[in-house]
Amino acid sequence: MAGAETVRNDYANLKFAAQLDVALHDFYARNFEQSQKEFDAALSIVPDNTLAISFMNASAAHVGGGLEAVTNLEEDVVGKSPKSYLAHVRLGFSYLFAGLLGADRSLDAREEFNTAVSLDPSAQAAHIGLGIMRENERSANRAKVEFLAAMRTDPNNVLAREYLAGIYQVDLRDPQEGLRYAVAVPNLVPDYADIQFHLASIMDDLNQYNAAIAYAKAGLALDPGRVGEAGQYGYTLIAQILLKQKKVADAKKYLEEAVANDADGVYARKLLDKISKGDYDDKSSGSTTDSKR
């Protein structure tokens, strides 16, 4: 229809999507220096995509001196272009990620995001940054406002959908509504491991155990380096679900894998100890899960 407004979808840009997928593969394989370059390349195509900005900063944080170098460069850009919305957003995210290295730059991050909002109130990226900060402060309702503001101009924003799903599932105790936000994300970014874990957790809350296990397995497959939530907690989530299904033998195998991979190993050992003490009844007629892996 003439005059109809095009709905933003960064992931419909095939060049951007392909570059993002390559970068995610390297990130989850712990090739952080390479993934930082690849996320930068993705951002040269869609400069304000908040998923790529976040992963670029996360990659840099795993490279010695990487995040400091990125921050210094972005501070120079803001100094040269103080009216640039994107410059303030990028610097705000770098300050936000400084917490990974033990430096609290949250006040600086908030200042950059607020400046960006003053320059362009409707643009999505600064609202995502502010929403993440509100969620980190456990201010769920205020975080929700920011993420919904971002989705008004970018309904396919992956971080907005992911965080809103978590807010509804955990804070508002409404996993069904959380599912509504999260379920589209794998279609947008098929190689995003952590959304698979979040979907598994939601399905677990909804008592959809087979679907939960399938999502958790998908997350584990996408995170071979055990970098994100999928790789760190996927084994123990599957084990907990199997214990609910009274498939103790199968659960034990996943817990042993968790210990072997140092993935939520402390909790896995606690569950293994309970199993060894006979705290769980194994009512399965045989180990069937292993054959589906």
# chains A, B, ... in the order shown; residues from 1 in each chain; ligands from 1

call {"tool": "residues_around", "arguments": {"residues": "stretch 157-159 of chain A", "least_positions_apart": "4", "cutoff": "8 Å", "atoms": "only C-alpha atoms", "output": "CSV table (one decimal) with all heavy atoms, in the first residue's frame"}}
result
chain,number,residue,atom,x,y,z
A,9,ASN,N,13.2,-4.7,10.4
A,9,ASN,CA,13.7,-6.0,10.7
A,9,ASN,C,15.1,-6.1,10.2
A,9,ASN,O,15.4,-6.4,9.1
A,9,ASN,CB,12.8,-7.1,10.0
A,9,ASN,CG,13.2,-8.5,10.4
A,9,ASN,OD1,14.2,-8.7,11.1
A,9,ASN,ND2,12.5,-9.5,9.8
A,50,THR,N,21.3,-3.6,18.6
A,50,THR,CA,21.8,-3.7,20.0
A,50,THR,C,22.3,-5.1,20.3
A,50,THR,O,23.1,-5.3,21.2
A,50,THR,CB,20.6,-3.3,21.0
A,50,THR,OG1,19.4,-4.0,20.6
A,50,THR,CG2,20.4,-1.8,20.9
A,51,LEU,N,21.8,-6.2,19.6
A,51,LEU,CA,22.4,-7.5,19.9
A,51,LEU,C,23.8,-7.5,19.4
A,51,LEU,O,24.7,-8.0,20.2
A,51,LEU,CB,21.5,-8.5,19.1
A,51,LEU,CG,21.9,-10.0,19.3
A,51,LEU,CD1,21.6,-10.4,20.8
A,51,LEU,CD2,21.2,-10.9,18.3
A,128,ILE,N,16.9,0.4,24.9
A,128,ILE,CA,17.4,-1.0,25.3
A,128,ILE,C,18.4,-0.9,26.4
A,128,ILE,O,18.4,-1.6,27.4
A,128,ILE,CB,18.0,-1.7,24.1
A,128,ILE,CG1,16.9,-2.0,23.0
A,128,ILE,CG2,18.6,-3.0,24.5
A,128,ILE,CD1,15.8,-2.9,23.5
A,150,ALA,N,11.3,0.6,22.9
A,150,ALA,CA,12.1,0.2,21.8
A,150,ALA,C,11.4,-0.5,20.8
A,150,ALA,O,11.6,-0.4,19.6
A,150,ALA,CB,13.3,-0.6,22.4
A,151,MET,N,10.4,-1.4,21.2
A,151,MET,CA,9.7,-2.2,20.2
A,151,MET,C,8.7,-1.4,19.4
A,151,MET,O,8.2,-1.9,18.4
A,151,MET,CB,9.0,-3.3,21.0
A,151,MET,CG,9.9,-4.4,21.4
A,151,MET,SD,9.1,-5.9,22.0
A,151,MET,CE,8.4,-6.5,20.5
A,163,TYR,N,14.4,-9.8,27.0
A,163,TYR,CA,14.3,-9.2,28.3
A,163,TYR,C,12.8,-9.2,28.7
A,163,TYR,O,12.5,-9.5,29.9
A,163,TYR,CB,14.9,-7.9,28.4
A,163,TYR,CG,16.4,-7.9,28.7
A,163,TYR,CD1,17.3,-7.9,27.7
A,163,TYR,CD2,16.8,-8.0,30.0
A,163,TYR,CE1,18.7,-7.9,28.0
A,163,TYR,CE2,18.2,-8.0,30.3
A,163,TYR,CZ,19.1,-8.0,29.3
A,163,TYR,OH,20.5,-8.0,29.6
A,185,VAL,N,12.2,-15.3,18.4
A,185,VAL,CA,13.6,-15.0,18.3
A,185,VAL,C,14.4,-16.0,17.5
A,185,VAL,O,15.3,-15.6,16.7
A,185,VAL,CB,14.2,-14.7,19.7
A,185,VAL,CG1,15.7,-14.4,19.6
A,185,VAL,CG2,13.5,-13.5,20.3
A,188,LEU,N,14.5,-15.2,14.0
A,188,LEU,CA,15.3,-14.1,13.6
A,188,LEU,C,16.8,-14.3,13.7
A,188,LEU,O,17.5,-13.9,12.8
A,188,LEU,CB,14.9,-12.9,14.6
A,188,LEU,CG,13.5,-12.4,14.6
A,188,LEU,CD1,13.2,-11.5,15.7
A,188,LEU,CD2,13.1,-11.7,13.2

call {"tool": "select_by_dssp", "arguments": {"residues": "stretch 11-237 of chain A", "states": "alpha helix (DSSP H)", "output": "PyMOL selection string"}}
result
chain A and resi 14-28+32-43+50-61+66-80+85-97+106-119+124-136+140-153+158-166+175-182+185-188+193-205+209-222+229-237

call {"tool": "atom_distance", "arguments": {"atom1": "atom CA of A:Glu68", "atom2": "atom CA of A:Phe113"}}
result
18.9 Å

call {"tool": "residues_around", "arguments": {"residues": "stretch 42-46 of chain A", "least_positions_apart": "4", "cutoff": "10 Å", "atoms": "only C-alpha atoms", "output": "PyMOL selection string"}}
result
chain A and resi 10-11+13+15-23+36-38+50-53+56

call {"tool": "atom_distance", "arguments": {"atom1": "atom CA of A:Tyr233", "atom2": "atom CA of A:Ala216"}}
result
8.9 Å

call {"tool": "residues_around", "arguments": {"residues": "A:Asn187", "least_positions_apart": "3", "cutoff": "12 Å", "atoms": "only C-alpha atoms", "output": "list in words"}}
result
Asn9, Tyr11, Ala12, Ala17, Asn156, Val158, Ala182, Val183, Ala184, Pro190, Asp191, Tyr192, Ile195 and Gln196 of chain A

call {"tool": "write_last_selection", "arguments": {"atoms": "all heavy atoms", "output": "short mmCIF file (atom, residue, chain, number, x, y, z; two decimals), in the first residue's frame"}}
result
data_model
loop_
_atom_site.label_atom_id
_atom_site.label_comp_id
_atom_site.auth_asym_id
_atom_site.auth_seq_id
_atom_site.Cartn_x
_atom_site.Cartn_y
_atom_site.Cartn_z
N ASN A 9 13.20 -4.68 10.44
CA ASN A 9 13.66 -6.04 10.72
C ASN A 9 15.10 -6.14 10.24
O ASN A 9 15.38 -6.41 9.08
CB ASN A 9 12.78 -7.07 10.02
CG ASN A 9 13.22 -8.50 10.36
OD1 ASN A 9 14.18 -8.71 11.10
ND2 ASN A 9 12.52 -9.49 9.82
N TYR A 11 17.17 -8.38 10.67
CA TYR A 11 17.58 -9.74 10.32
C TYR A 11 17.09 -10.16 8.94
O TYR A 11 17.48 -11.22 8.45
CB TYR A 11 17.12 -10.69 11.42
CG TYR A 11 17.57 -10.17 12.76
CD1 TYR A 11 16.69 -9.44 13.58
CD2 TYR A 11 18.89 -10.30 13.17
CE1 TYR A 11 17.12 -8.90 14.78
CE2 TYR A 11 19.31 -9.75 14.37
CZ TYR A 11 18.44 -9.05 15.17
OH TYR A 11 18.87 -8.49 16.35
N ALA A 12 16.27 -9.32 8.33
CA ALA A 12 15.89 -9.54 6.93
C ALA A 12 16.99 -9.08 5.98
O ALA A 12 16.95 -9.40 4.79
CB ALA A 12 14.59 -8.81 6.62
N ALA A 17 22.64 -10.55 8.53
CA ALA A 17 22.31 -11.80 9.21
C ALA A 17 23.43 -12.82 9.05
O ALA A 17 23.79 -13.53 10.01
CB ALA A 17 21.01 -12.36 8.67
N ASN A 156 11.06 -6.15 16.03
CA ASN A 156 11.87 -7.37 15.96
C ASN A 156 13.15 -7.25 16.77
O ASN A 156 14.08 -8.04 16.57
CB ASN A 156 12.20 -7.69 14.50
CG ASN A 156 10.96 -8.04 13.70
OD1 ASN A 156 10.29 -9.02 13.99
ND2 ASN A 156 10.64 -7.23 12.71
N VAL A 158 15.67 -8.08 19.19
CA VAL A 158 15.89 -9.34 19.88
C VAL A 158 16.08 -9.14 21.38
O VAL A 158 15.52 -9.88 22.20
CB VAL A 158 17.07 -10.09 19.25
CG1 VAL A 158 17.55 -11.22 20.16
CG2 VAL A 158 16.67 -10.66 17.89
N ALA A 182 9.35 -14.33 23.32
CA ALA A 182 10.60 -15.05 23.01
C ALA A 182 10.50 -15.97 21.82
O ALA A 182 11.51 -16.21 21.15
CB ALA A 182 11.03 -15.86 24.24
N VAL A 183 9.32 -16.49 21.54
CA VAL A 183 9.22 -17.61 20.60
C VAL A 183 9.65 -17.24 19.18
O VAL A 183 10.12 -18.12 18.43
CB VAL A 183 7.78 -18.18 20.61
CG1 VAL A 183 6.81 -17.22 19.92
CG2 VAL A 183 7.75 -19.57 19.99
N ALA A 184 9.57 -15.98 18.81
CA ALA A 184 9.95 -15.58 17.45
C ALA A 184 11.45 -15.41 17.28
O ALA A 184 11.95 -15.36 16.15
CB ALA A 184 9.24 -14.28 17.08
N PRO A 190 18.87 -17.64 14.30
CA PRO A 190 18.88 -19.08 14.59
C PRO A 190 20.06 -19.55 15.43
O PRO A 190 19.96 -20.58 16.11
CB PRO A 190 18.94 -19.71 13.19
CG PRO A 190 18.41 -18.66 12.26
CD PRO A 190 18.83 -17.35 12.85
N ASP A 191 21.18 -18.83 15.41
CA ASP A 191 22.38 -19.27 16.12
C ASP A 191 22.57 -18.60 17.47
O ASP A 191 23.67 -18.68 18.05
CB ASP A 191 23.61 -19.04 15.24
CG ASP A 191 23.60 -19.92 14.00
OD1 ASP A 191 23.29 -21.12 14.13
OD2 ASP A 191 23.88 -19.41 12.90
N TYR A 192 21.53 -17.98 18.00
CA TYR A 192 21.61 -17.34 19.31
C TYR A 192 21.30 -18.38 20.37
O TYR A 192 20.14 -18.69 20.65
CB TYR A 192 20.62 -16.17 19.36
CG TYR A 192 20.71 -15.32 20.60
CD1 TYR A 192 21.81 -15.32 21.43
CD2 TYR A 192 19.64 -14.49 20.96
CE1 TYR A 192 21.88 -14.53 22.56
CE2 TYR A 192 19.70 -13.68 22.08
CZ TYR A 192 20.82 -13.72 22.88
OH TYR A 192 20.88 -12.93 24.01
N ILE A 195 18.90 -17.71 23.78
CA ILE A 195 17.44 -17.64 23.69
C ILE A 195 16.84 -19.05 23.74
O ILE A 195 15.73 -19.25 24.23
CB ILE A 195 16.98 -16.87 22.43
CG1 ILE A 195 15.51 -16.46 22.57
CG2 ILE A 195 17.17 -17.70 21.17
CD1 ILE A 195 15.22 -15.51 23.69
N GLN A 196 17.59 -20.03 23.25
CA GLN A 196 17.13 -21.41 23.33
C GLN A 196 17.01 -21.84 24.79
O GLN A 196 16.04 -22.51 25.18
CB GLN A 196 18.10 -22.33 22.58
CG GLN A 196 18.30 -21.99 21.11
CD GLN A 196 17.15 -22.42 20.22
OE1 GLN A 196 16.26 -23.16 20.65
NE2 GLN A 196 17.15 -21.97 18.98
#

call {"tool": "atom_distance", "arguments": {"atom1": "atom CA of A:Leu107", "atom2": "atom CA of A:Asp194"}}
result
27.5 Å
